[in-house]
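With PDB, C-alpha atoms inside, this is upload.pdb:
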ATOM      1  CA  MET R   1      -1.415 -12.843 -15.162  1.00  0.00           C
ATOM      2  CA  ARG R   2       0.310 -13.638 -11.857  1.00  0.00           C
ATOM      3  CA  THR R   3      -0.382 -11.163  -9.050  1.00  0.00           C
ATOM      4  CA  VAL R   4       2.112 -10.503  -6.253  1.00  0.00           C
ATOM      5  CA  ALA R   5       1.049  -8.579  -3.150  1.00  0.00           C
ATOM      6  CA  VAL R   6       3.784  -6.649  -1.373  1.00  0.00           C
ATOM      7  CA  VAL R   7       3.151  -5.597   2.233  1.00  0.00           C
ATOM      8  CA  LEU R   8       5.407  -2.637   3.020  1.00  0.00           C
ATOM      9  CA  ALA R   9       6.278  -2.888   6.706  1.00  0.00           C
ATOM     10  CA  GLY R  10       9.734  -1.346   6.729  1.00  0.00           C
ATOM     11  CA  GLY R  11       8.991   1.996   8.376  1.00  0.00           C
ATOM     12  CA  SER R  12       9.838   3.103  11.891  1.00  0.00           C
ATOM     13  CA  GLY R  13       6.402   4.545  12.701  1.00  0.00           C
ATOM     14  CA  SER R  14       7.964   7.536  14.451  1.00  0.00           C
ATOM     15  CA  ARG R  15       4.692   9.499  14.595  1.00  0.00           C
ATOM     16  CA  PHE R  16       3.034   6.647  16.490  1.00  0.00           C
ATOM     17  CA  GLY R  17       5.618   6.839  19.261  1.00  0.00           C
ATOM     18  CA  GLY R  18       7.214   4.157  21.409  1.00  0.00           C
ATOM     19  CA  SER R  19      10.134   1.862  20.750  1.00  0.00           C
ATOM     20  CA  MET R  20       8.250  -0.710  18.660  1.00  0.00           C
ATOM     21  CA  PRO R  21       7.449   0.010  14.992  1.00  0.00           C
ATOM     22  CA  LYS R  22       3.700   0.524  14.666  1.00  0.00           C
ATOM     23  CA  GLN R  23       3.328  -2.251  12.085  1.00  0.00           C
ATOM     24  CA  LEU R  24       4.281  -4.716  14.847  1.00  0.00           C
ATOM     25  CA  ARG R  25       1.668  -3.393  17.283  1.00  0.00           C
ATOM     26  CA  GLU R  26      -1.124  -5.790  18.067  1.00  0.00           C
ATOM     27  CA  LEU R  27      -4.704  -5.431  16.907  1.00  0.00           C
ATOM     28  CA  ALA R  28      -7.028  -8.135  18.238  1.00  0.00           C
ATOM     29  CA  GLY R  29      -4.133 -10.506  18.878  1.00  0.00           C
ATOM     30  CA  ARG R  30      -2.341 -10.030  15.556  1.00  0.00           C
ATOM     31  CA  SER R  31       0.262  -7.516  14.466  1.00  0.00           C
ATOM     32  CA  LEU R  32      -0.810  -4.972  11.863  1.00  0.00           C
ATOM     33  CA  VAL R  33       1.456  -6.606   9.298  1.00  0.00           C
ATOM     34  CA  GLU R  34      -0.087 -10.015   9.977  1.00  0.00           C
ATOM     35  CA  HIS R  35      -3.592  -8.630   9.418  1.00  0.00           C
ATOM     36  CA  CYS R  36      -2.448  -7.424   5.992  1.00  0.00           C
ATOM     37  CA  VAL R  37      -0.720 -10.687   5.088  1.00  0.00           C
ATOM     38  CA  ALA R  38      -3.809 -12.643   6.153  1.00  0.00           C
ATOM     39  CA  ALA R  39      -6.040 -10.531   3.891  1.00  0.00           C
ATOM     40  CA  PHE R  40      -3.870 -11.088   0.820  1.00  0.00           C
ATOM     41  CA  ASP R  41      -3.334 -14.749   1.673  1.00  0.00           C
ATOM     42  CA  GLN R  42      -7.112 -15.228   1.556  1.00  0.00           C
ATOM     43  CA  ALA R  43      -7.611 -13.276  -1.692  1.00  0.00           C
ATOM     44  CA  PRO R  44      -8.319 -15.575  -4.669  1.00  0.00           C
ATOM     45  CA  ALA R  45      -6.729 -13.123  -7.135  1.00  0.00           C
ATOM     46  CA  VAL R  46      -3.393 -13.013  -5.270  1.00  0.00           C
ATOM     47  CA  ASP R  47      -0.819 -15.692  -6.078  1.00  0.00           C
ATOM     48  CA  GLU R  48       2.100 -14.654  -3.846  1.00  0.00           C
ATOM     49  CA  VAL R  49       2.715 -12.398  -0.860  1.00  0.00           C
ATOM     50  CA  LEU R  50       6.012 -10.673  -0.104  1.00  0.00           C
ATOM     51  CA  VAL R  51       6.731  -8.644   3.035  1.00  0.00           C
ATOM     52  CA  VAL R  52       9.273  -5.836   3.373  1.00  0.00           C
ATOM     53  CA  THR R  53      10.434  -5.281   6.946  1.00  0.00           C
ATOM     54  CA  PRO R  54      13.327  -3.633   8.810  1.00  0.00           C
ATOM     55  CA  ALA R  55      16.499  -5.681   8.318  1.00  0.00           C
ATOM     56  CA  ASP R  56      16.884  -6.428  12.028  1.00  0.00           C
ATOM     57  CA  ARG R  57      13.347  -7.849  12.192  1.00  0.00           C
ATOM     58  CA  ALA R  58      13.291  -9.886   8.974  1.00  0.00           C
ATOM     59  CA  ALA R  59      14.024 -13.256  10.597  1.00  0.00           C
ATOM     60  CA  ALA R  60      11.517 -12.754  13.408  1.00  0.00           C
ATOM     61  CA  THR R  61       8.856 -11.559  10.958  1.00  0.00           C
ATOM     62  CA  ALA R  62       9.403 -14.612   8.740  1.00  0.00           C
ATOM     63  CA  ALA R  63       8.976 -16.872  11.771  1.00  0.00           C
ATOM     64  CA  ASP R  64       5.794 -15.095  12.883  1.00  0.00           C
ATOM     65  CA  LEU R  65       4.254 -15.415   9.410  1.00  0.00           C
ATOM     66  CA  ARG R  66       5.366 -18.925   8.521  1.00  0.00           C
ATOM     67  CA  GLY R  67       1.804 -20.290   8.536  1.00  0.00           C
ATOM     68  CA  TYR R  68       0.662 -18.281   5.515  1.00  0.00           C
ATOM     69  CA  ARG R  69       0.827 -20.453   2.414  1.00  0.00           C
ATOM     70  CA  LYS R  70       1.173 -17.641  -0.152  1.00  0.00           C
ATOM     71  CA  LEU R  71       4.057 -15.921   1.641  1.00  0.00           C
ATOM     72  CA  THR R  72       7.125 -16.412  -0.544  1.00  0.00           C
ATOM     73  CA  ALA R  73       9.678 -13.988   0.915  1.00  0.00           C
ATOM     74  CA  VAL R  74      10.442 -11.530   3.720  1.00  0.00           C
ATOM     75  CA  VAL R  75      12.783  -8.848   2.397  1.00  0.00           C
ATOM     76  CA  ALA R  76      14.902  -6.325   4.295  1.00  0.00           C
ATOM     77  CA  GLY R  77      13.711  -2.808   3.531  1.00  0.00           C
ATOM     78  CA  GLY R  78      15.575   0.419   2.959  1.00  0.00           C
ATOM     79  CA  ALA R  79      15.899   3.793   4.644  1.00  0.00           C
ATOM     80  CA  THR R  80      12.803   5.245   2.934  1.00  0.00           C
ATOM     81  CA  ARG R  81       9.518   3.941   1.600  1.00  0.00           C
ATOM     82  CA  SER R  82      10.828   4.267  -1.937  1.00  0.00           C
ATOM     83  CA  ASP R  83      13.936   2.303  -1.002  1.00  0.00           C
ATOM     84  CA  SER R  84      11.721  -0.454   0.404  1.00  0.00           C
ATOM     85  CA  THR R  85       9.709  -0.531  -2.810  1.00  0.00           C
ATOM     86  CA  ARG R  86      12.954  -0.910  -4.783  1.00  0.00           C
ATOM     87  CA  GLN R  87      13.979  -3.821  -2.556  1.00  0.00           C
ATOM     88  CA  ALA R  88      10.631  -5.495  -3.138  1.00  0.00           C
ATOM     89  CA  ILE R  89      10.819  -5.019  -6.911  1.00  0.00           C
ATOM     90  CA  ALA R  90      14.280  -6.568  -6.984  1.00  0.00           C
ATOM     91  CA  ALA R  91      12.970  -9.624  -5.113  1.00  0.00           C
ATOM     92  CA  ILE R  92      10.246 -10.387  -7.669  1.00  0.00           C
ATOM     93  CA  PRO R  93      11.365 -12.690 -10.502  1.00  0.00           C
ATOM     94  CA  GLY R  94      11.196 -10.869 -13.813  1.00  0.00           C
ATOM     95  CA  ALA R  95      11.968  -7.391 -12.435  1.00  0.00           C
ATOM     96  CA  ALA R  96      15.148  -7.257 -14.496  1.00  0.00           C
ATOM     97  CA  GLY R  97      13.215  -8.155 -17.619  1.00  0.00           C
ATOM     98  CA  VAL R  98      14.480 -11.735 -17.734  1.00  0.00           C
ATOM     99  CA  GLY R  99      13.649 -15.001 -16.058  1.00  0.00           C
ATOM    100  CA  ALA R 100       9.873 -14.627 -15.778  1.00  0.00           C
ATOM    101  CA  PRO R 101       6.946 -13.092 -17.661  1.00  0.00           C
ATOM    102  CA  ASP R 102       5.443  -9.782 -16.595  1.00  0.00           C
ATOM    103  CA  CYS R 103       3.112  -9.816 -13.608  1.00  0.00           C
ATOM    104  CA  ASN R 104       0.917  -7.520 -11.564  1.00  0.00           C
ATOM    105  CA  VAL R 105       2.126  -6.119  -8.246  1.00  0.00           C
ATOM    106  CA  LEU R 106      -0.010  -4.681  -5.444  1.00  0.00           C
ATOM    107  CA  PHE R 107       1.872  -2.517  -2.927  1.00  0.00           C
ATOM    108  CA  HIS R 108       0.085  -2.144   0.411  1.00  0.00           C
ATOM    109  CA  ASP R 109       1.048  -0.248   3.559  1.00  0.00           C
ATOM    110  CA  ALA R 110       1.199  -2.452   6.645  1.00  0.00           C
ATOM    111  CA  ALA R 111      -0.345   0.461   8.541  1.00  0.00           C
ATOM    112  CA  ARG R 112      -3.676  -0.298   6.801  1.00  0.00           C
ATOM    113  CA  PRO R 113      -4.658  -3.566   8.539  1.00  0.00           C
ATOM    114  CA  LEU R 114      -8.354  -3.511   7.587  1.00  0.00           C
ATOM    115  CA  VAL R 115      -8.032  -3.775   3.819  1.00  0.00           C
ATOM    116  CA  ASP R 116     -10.930  -5.936   2.686  1.00  0.00           C
ATOM    117  CA  GLN R 117     -11.474  -8.552   0.028  1.00  0.00           C
ATOM    118  CA  ARG R 118     -13.621  -6.268  -2.143  1.00  0.00           C
ATOM    119  CA  ILE R 119     -10.798  -3.721  -2.475  1.00  0.00           C
ATOM    120  CA  ILE R 120      -8.200  -6.394  -3.232  1.00  0.00           C
ATOM    121  CA  ALA R 121     -10.431  -8.019  -5.860  1.00  0.00           C
ATOM    122  CA  ASP R 122     -11.247  -4.663  -7.465  1.00  0.00           C
ATOM    123  CA  CYS R 123      -7.542  -3.765  -7.656  1.00  0.00           C
ATOM    124  CA  ALA R 124      -6.650  -7.069  -9.290  1.00  0.00           C
ATOM    125  CA  ARG R 125      -9.535  -6.732 -11.742  1.00  0.00           C
ATOM    126  CA  ALA R 126      -8.617  -3.138 -12.610  1.00  0.00           C
ATOM    127  CA  LEU R 127      -5.135  -4.273 -13.657  1.00  0.00           C
ATOM    128  CA  ASP R 128      -6.768  -6.221 -16.466  1.00  0.00           C
ATOM    129  CA  THR R 129      -7.482  -2.785 -17.986  1.00  0.00           C
ATOM    130  CA  TRP R 130      -4.917  -0.392 -16.524  1.00  0.00           C
ATOM    131  CA  GLN R 131      -1.135  -0.651 -16.153  1.00  0.00           C
ATOM    132  CA  ALA R 132      -1.239   1.387 -12.939  1.00  0.00           C
ATOM    133  CA  ILE R 133      -4.011   1.894 -10.382  1.00  0.00           C
ATOM    134  CA  GLY R 134      -4.553   3.582  -7.039  1.00  0.00           C
ATOM    135  CA  VAL R 135      -7.236   3.253  -4.372  1.00  0.00           C
ATOM    136  CA  VAL R 136      -9.054   6.471  -3.485  1.00  0.00           C
ATOM    137  CA  VAL R 137     -11.949   7.727  -1.385  1.00  0.00           C
ATOM    138  CA  PRO R 138     -13.737  11.050  -1.989  1.00  0.00           C
ATOM    139  CA  SER R 139     -12.840  13.866   0.366  1.00  0.00           C
ATOM    140  CA  SER R 140     -15.706  14.670   2.724  1.00  0.00           C
ATOM    141  CA  ASP R 141     -13.902  17.761   3.997  1.00  0.00           C
ATOM    142  CA  THR R 142     -13.394  21.095   2.311  1.00  0.00           C
ATOM    143  CA  ILE R 143      -9.707  21.390   1.393  1.00  0.00           C
ATOM    144  CA  VAL R 144      -7.890  24.734   1.364  1.00  0.00           C
ATOM    145  CA  GLU R 145      -4.368  25.812   0.559  1.00  0.00           C
ATOM    146  CA  THR R 146      -2.532  27.359   3.496  1.00  0.00           C
ATOM    147  CA  ASP R 147       0.900  28.683   4.317  1.00  0.00           C
ATOM    148  CA  GLY R 148       0.490  27.411   7.851  1.00  0.00           C
ATOM    149  CA  SER R 149      -1.147  30.470   9.348  1.00  0.00           C
ATOM    150  CA  VAL R 150      -3.377  31.966   6.631  1.00  0.00           C
ATOM    151  CA  LEU R 151      -6.085  30.214   4.629  1.00  0.00           C
ATOM    152  CA  GLY R 152      -5.765  30.541   0.878  1.00  0.00           C
ATOM    153  CA  ARG R 153      -7.550  29.096  -2.138  1.00  0.00           C
ATOM    154  CA  VAL R 154     -10.441  26.714  -1.502  1.00  0.00           C
ATOM    155  CA  LEU R 155     -10.050  23.666  -3.747  1.00  0.00           C
ATOM    156  CA  PRO R 156     -13.081  22.116  -5.511  1.00  0.00           C
ATOM    157  CA  ARG R 157     -14.068  19.181  -3.295  1.00  0.00           C
ATOM    158  CA  ALA R 158     -15.839  17.301  -6.091  1.00  0.00           C
ATOM    159  CA  THR R 159     -12.517  16.707  -7.856  1.00  0.00           C
ATOM    160  CA  LEU R 160     -10.514  15.715  -4.761  1.00  0.00           C
ATOM    161  CA  ALA R 161      -9.913  12.296  -3.241  1.00  0.00           C
ATOM    162  CA  ARG R 162      -7.744  10.780  -0.509  1.00  0.00           C
ATOM    163  CA  CYS R 163      -5.269   8.114  -1.530  1.00  0.00           C
ATOM    164  CA  GLN R 164      -5.154   4.708   0.122  1.00  0.00           C
ATOM    165  CA  THR R 165      -3.398   1.468  -0.687  1.00  0.00           C
ATOM    166  CA  PRO R 166      -3.059  -0.983  -2.381  1.00  0.00           C
ATOM    167  CA  GLN R 167      -1.481   0.702  -5.367  1.00  0.00           C
ATOM    168  CA  GLY R 168      -1.060  -1.664  -8.282  1.00  0.00           C
ATOM    169  CA  PHE R 169       1.141  -1.863 -11.373  1.00  0.00           C
ATOM    170  CA  ARG R 170       2.466  -4.046 -14.108  1.00  0.00           C
ATOM    171  CA  LEU R 171       5.863  -5.087 -12.798  1.00  0.00           C
ATOM    172  CA  SER R 172       7.500  -3.787 -15.985  1.00  0.00           C
ATOM    173  CA  VAL R 173       5.933  -0.343 -15.460  1.00  0.00           C
ATOM    174  CA  ILE R 174       6.901   0.189 -11.829  1.00  0.00           C
ATOM    175  CA  THR R 175      10.379  -1.220 -12.519  1.00  0.00           C
ATOM    176  CA  ARG R 176      10.929   1.257 -15.351  1.00  0.00           C
ATOM    177  CA  ALA R 177       9.590   4.165 -13.286  1.00  0.00           C
ATOM    178  CA  TYR R 178      12.077   3.460 -10.505  1.00  0.00           C
ATOM    179  CA  GLU R 179      14.905   3.039 -13.015  1.00  0.00           C
ATOM    180  CA  LEU R 180      14.202   6.573 -14.261  1.00  0.00           C
ATOM    181  CA  ALA R 181      13.856   7.856 -10.701  1.00  0.00           C
ATOM    182  CA  ALA R 182      17.274   6.442  -9.821  1.00  0.00           C
ATOM    183  CA  ALA R 183      18.844   8.728 -12.420  1.00  0.00           C
ATOM    184  CA  ASP R 184      17.186  11.836 -10.946  1.00  0.00           C
ATOM    185  CA  PRO R 185      19.281  13.465  -8.191  1.00  0.00           C
ATOM    186  CA  GLY R 186      16.207  15.380  -7.023  1.00  0.00           C
ATOM    187  CA  PHE R 187      14.001  12.325  -6.614  1.00  0.00           C
ATOM    188  CA  SER R 188      11.663  12.075  -3.663  1.00  0.00           C
ATOM    189  CA  ALA R 189       8.305  10.354  -3.302  1.00  0.00           C
ATOM    190  CA  THR R 190       5.823   9.287  -0.649  1.00  0.00           C
ATOM    191  CA  ASP R 191       3.897   6.809  -2.792  1.00  0.00           C
ATOM    192  CA  ASP R 192       4.427   4.645  -5.865  1.00  0.00           C
ATOM    193  CA  CYS R 193       1.683   6.135  -8.047  1.00  0.00           C
ATOM    194  CA  GLY R 194       3.529   9.440  -7.721  1.00  0.00           C
ATOM    195  CA  VAL R 195       6.683   7.828  -9.121  1.00  0.00           C
ATOM    196  CA  VAL R 196       4.822   6.510 -12.171  1.00  0.00           C
ATOM    197  CA  ARG R 197       3.014   9.810 -12.656  1.00  0.00           C
ATOM    198  CA  ARG R 198       6.282  11.765 -12.566  1.00  0.00           C
ATOM    199  CA  TYR R 199       8.537   9.531 -14.645  1.00  0.00           C
ATOM    200  CA  LEU R 200       6.037   7.803 -16.938  1.00  0.00           C
ATOM    201  CA  PRO R 201       3.445  10.564 -17.486  1.00  0.00           C
ATOM    202  CA  GLY R 202       2.076   8.847 -20.585  1.00  0.00           C
ATOM    203  CA  ILE R 203       0.679   5.979 -18.513  1.00  0.00           C
ATOM    204  CA  PRO R 204      -2.738   6.817 -17.035  1.00  0.00           C
ATOM    205  CA  ILE R 205      -3.436   5.679 -13.489  1.00  0.00           C
ATOM    206  CA  GLY R 206      -6.850   4.126 -12.883  1.00  0.00           C
ATOM    207  CA  ALA R 207      -8.870   4.948  -9.763  1.00  0.00           C
ATOM    208  CA  VAL R 208     -10.316   2.117  -7.659  1.00  0.00           C
ATOM    209  CA  PRO R 209     -12.906   2.977  -4.971  1.00  0.00           C
ATOM    210  CA  GLY R 210     -11.559   2.543  -1.466  1.00  0.00           C
ATOM    211  CA  SER R 211     -13.310   2.456   1.893  1.00  0.00           C
ATOM    212  CA  GLU R 212     -13.398   4.527   5.054  1.00  0.00           C
ATOM    213  CA  ARG R 213     -12.684   1.261   6.894  1.00  0.00           C
ATOM    214  CA  ASN R 214      -9.325   1.004   5.131  1.00  0.00           C
ATOM    215  CA  LEU R 215      -7.854   3.554   7.500  1.00  0.00           C
ATOM    216  CA  LYS R 216      -4.173   4.173   8.071  1.00  0.00           C
ATOM    217  CA  VAL R 217      -2.888   3.687  11.608  1.00  0.00           C
ATOM    218  CA  THR R 218      -0.620   6.669  12.173  1.00  0.00           C
ATOM    219  CA  TYR R 219      -1.271   7.671  15.799  1.00  0.00           C
ATOM    220  CA  PRO R 220      -2.313   5.618  18.872  1.00  0.00           C
ATOM    221  CA  GLY R 221      -5.883   6.879  18.549  1.00  0.00           C
ATOM    222  CA  ASP R 222      -6.110   5.325  15.085  1.00  0.00           C
ATOM    223  CA  LEU R 223      -5.405   1.907  16.582  1.00  0.00           C
ATOM    224  CA  ALA R 224      -8.364   2.355  18.919  1.00  0.00           C
ATOM    225  CA  VAL R 225     -10.587   3.219  15.943  1.00  0.00           C
ATOM    226  CA  ALA R 226      -9.345   0.122  14.079  1.00  0.00           C
ATOM    227  CA  GLU R 227     -10.251  -2.030  17.083  1.00  0.00           C
ATOM    228  CA  VAL R 228     -13.814  -0.718  16.975  1.00  0.00           C
ATOM    229  CA  LEU R 229     -14.109  -1.255  13.216  1.00  0.00           C
ATOM    230  CA  LEU R 230     -12.752  -4.777  13.507  1.00  0.00           C
ATOM    231  CA  LYS R 231     -15.745  -5.714  15.651  1.00  0.00           C
ATOM    232  CA  ASP R 232     -17.986  -4.945  12.664  1.00  0.00           C
ATOM    233  CA  PRO R 233     -16.300  -6.882   9.835  1.00  0.00           C
ATOM    234  CA  ALA R 234     -18.932  -6.164   7.161  1.00  0.00           C
ATOM    235  CA  PRO R 235     -17.110  -4.195   4.403  1.00  0.00           C
ATOM    236  CA  GLU R 236     -18.600  -0.983   3.105  1.00  0.00           C
ATOM    237  CA  SER R 237     -19.896  -0.631  -0.409  1.00  0.00           C
ATOM    238  CA  PRO R 238     -17.561   1.103  -2.883  1.00  0.00           C
ATOM    239  CA  ALA R 239     -17.309   4.834  -2.237  1.00  0.00           C
TER
END

For the file at hand, write its structure as structure tokens.
Amino acid sequence: MRTVAVVLAGGSGSRFGGSMPKQLRELAGRSLVEHCVAAFDQAPAVDEVLVVTPADRAAATAADLRGYRKLTAVVAGGATRSDSTRQAIAAIPGAAGVGAPDCNVLFHDAARPLVDQRIIADCARALDTWQAIGVVVPSSDTIVETDGSVLGRVLPRATLARCQTPQGFRLSVITRAYELAAADPGFSATDDCGVVRRYLPGIPIGAVPGSERNLKVTYPGDLAVAEVLLKDPAPESPA
């Protein structure tokens, strides 16, 4: 089955600070989004790569990435992450149920520039079994509920994990989940697995081991950590 990787680079990166979106910041001479595109371009299991970017940067992004042979489209994103996912879905042939057979889609945050080939391969392989998958790493910290000033219930660490990307789906599944979400006036989501879990609860979501290297660049200090990790390219074993 064809596999399309979608690099979501449409956010503003407001928590990072500065006038430039964080996904366009440089890491070892490449933007964060280019690191992600390069990883998927090299992955044997990936057939196409699509990038979602702010509308005013789409042309420049397409020019910067023109050397990647699997890149098929640069799409203008929306106001939210979910809106950008919708834009990406609409750009994939077959999303409307006609014109192309079903395929697998991997959605990846451009803020995770160190995604490695093991994770990508494991995600693609997992979609042979599951219709929806997410990448997770076990929580090494004790997690507690809090109201902001008072600690509450301590949650069992053995059952907790931190979510990463890629998140992968059959195109037909994620398309249907967002169709149902569009009819819900109270819809909100921060990730695509959450949309499937809420609107298609009968579809189990498989867990793929992630990596501590697959960090998310949210603040300037995270970029410094990524620079250090990039000097040691050997991927970790599955968590």

- Near range 113-126 of chain R, within 8 Å and counting only C-alpha atoms, which residues show up once chain neighbours fewer than 2 positions away are dropped, as a ChimeraX atom specification? /R:3,32-33,35-36,39-40,43-46,104,106,110-111,128-130,133-135,166-168,206,208-211,213-216,226,230,235

| query | Pick the closest to Ser139 in chain R from R:Cys163, R:Met1, R:Val49, R:Ala55: which is it, counting only C-alpha atoms? | reply |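 Of R:Cys163, R:Met1, R:Val49, R:Ala55, the one nearest Ser139 in chain R is R:Cys163, counting only C-alpha atoms.
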
Using only C-alpha atoms, the residue out of R:Pro21, R:Arg57, R:Ala91, R:Glu48 with shortest distance to Thr72 in chain R is R:Glu48

Practice item. On this file, the PyMOL selection byres ((chain R and resi 155-160) around 6) gives some set of residues; write that set as an MDAnalysis selection string. Key: chainID R and resid 139 142:144 154 161

Pull C-alpha atoms from the residues just selected and write them as a compact mmCIF listing (two decimals), in the coordinates of the input.
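Listing of part_30.txt after writing:
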# COMPACT_ATOMS: atom_id res chain seq x y z
CA SER R 139 -12.84 13.87 0.37
CA THR R 142 -13.39 21.10 2.31
CA ILE R 143 -9.71 21.39 1.39
CA VAL R 144 -7.89 24.73 1.36
CA VAL R 154 -10.44 26.71 -1.50
CA ALA R 161 -9.91 12.30 -3.24

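Between CA of Ala28 in chain R and CA of Glu227 in chain R the separation is 7.0 Å.
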
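When CA of Arg197 in chain R is paired with CA of Thr175 in chain R, their separation reads 13.3 Å.
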
Is it possible to get the axis-aligned box enclosing range 184-187 of chain R (all listed atoms, 4 Å extra per side) as JSON, with centre and edge lengths in Å rounded to one decimal?
{"center_x": 16.6, "center_y": 13.6, "center_z": -8.8, "size_x": 13.3, "size_y": 11.5, "size_z": 12.3}

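Minimum distance to Glu26 in chain R across R:Asp141, R:Leu229, R:Glu179, R:Ala224 (counting only C-alpha atoms) occurs at R:Ala224.
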
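The coordinates place CA of Ala73 in chain R at 21.9 Å from CA of Asp191 in chain R.
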
Quiz item: Which residues, protein or nucleic acid, reach to within 12 Å of (7.4, -7.7, -10.8) in the file's coordinates when using all atoms listed in the file, and can you give that as a VMD selection string?
Solution: chain R and resid 1 to 6 48 to 50 85 to 107 168 to 176

Rank R:Asp147, R:Asp192, R:Asp83, R:Asp232 by their smallest atom-to-atom distance to Gly10 in chain R, using all atoms listed in the file, and report the top residue only.
->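 Checking each candidate against Gly10 in chain R, we get R:Asp83 as the closest.
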
query = Near Asp184 in chain R, within 12 Å and counting all atoms listed in the file, which residues show up once chain neighbours fewer than 5 positions away are dropped, as a ChimeraX atom specification?
reply = /R:177-179,189,195,198-199

Across R:Thr80, R:Gly221, R:Ser149, R:Lys231, the smallest distance to Ser188 in chain R, with all atoms listed in the file counted, is shown by R:Thr80
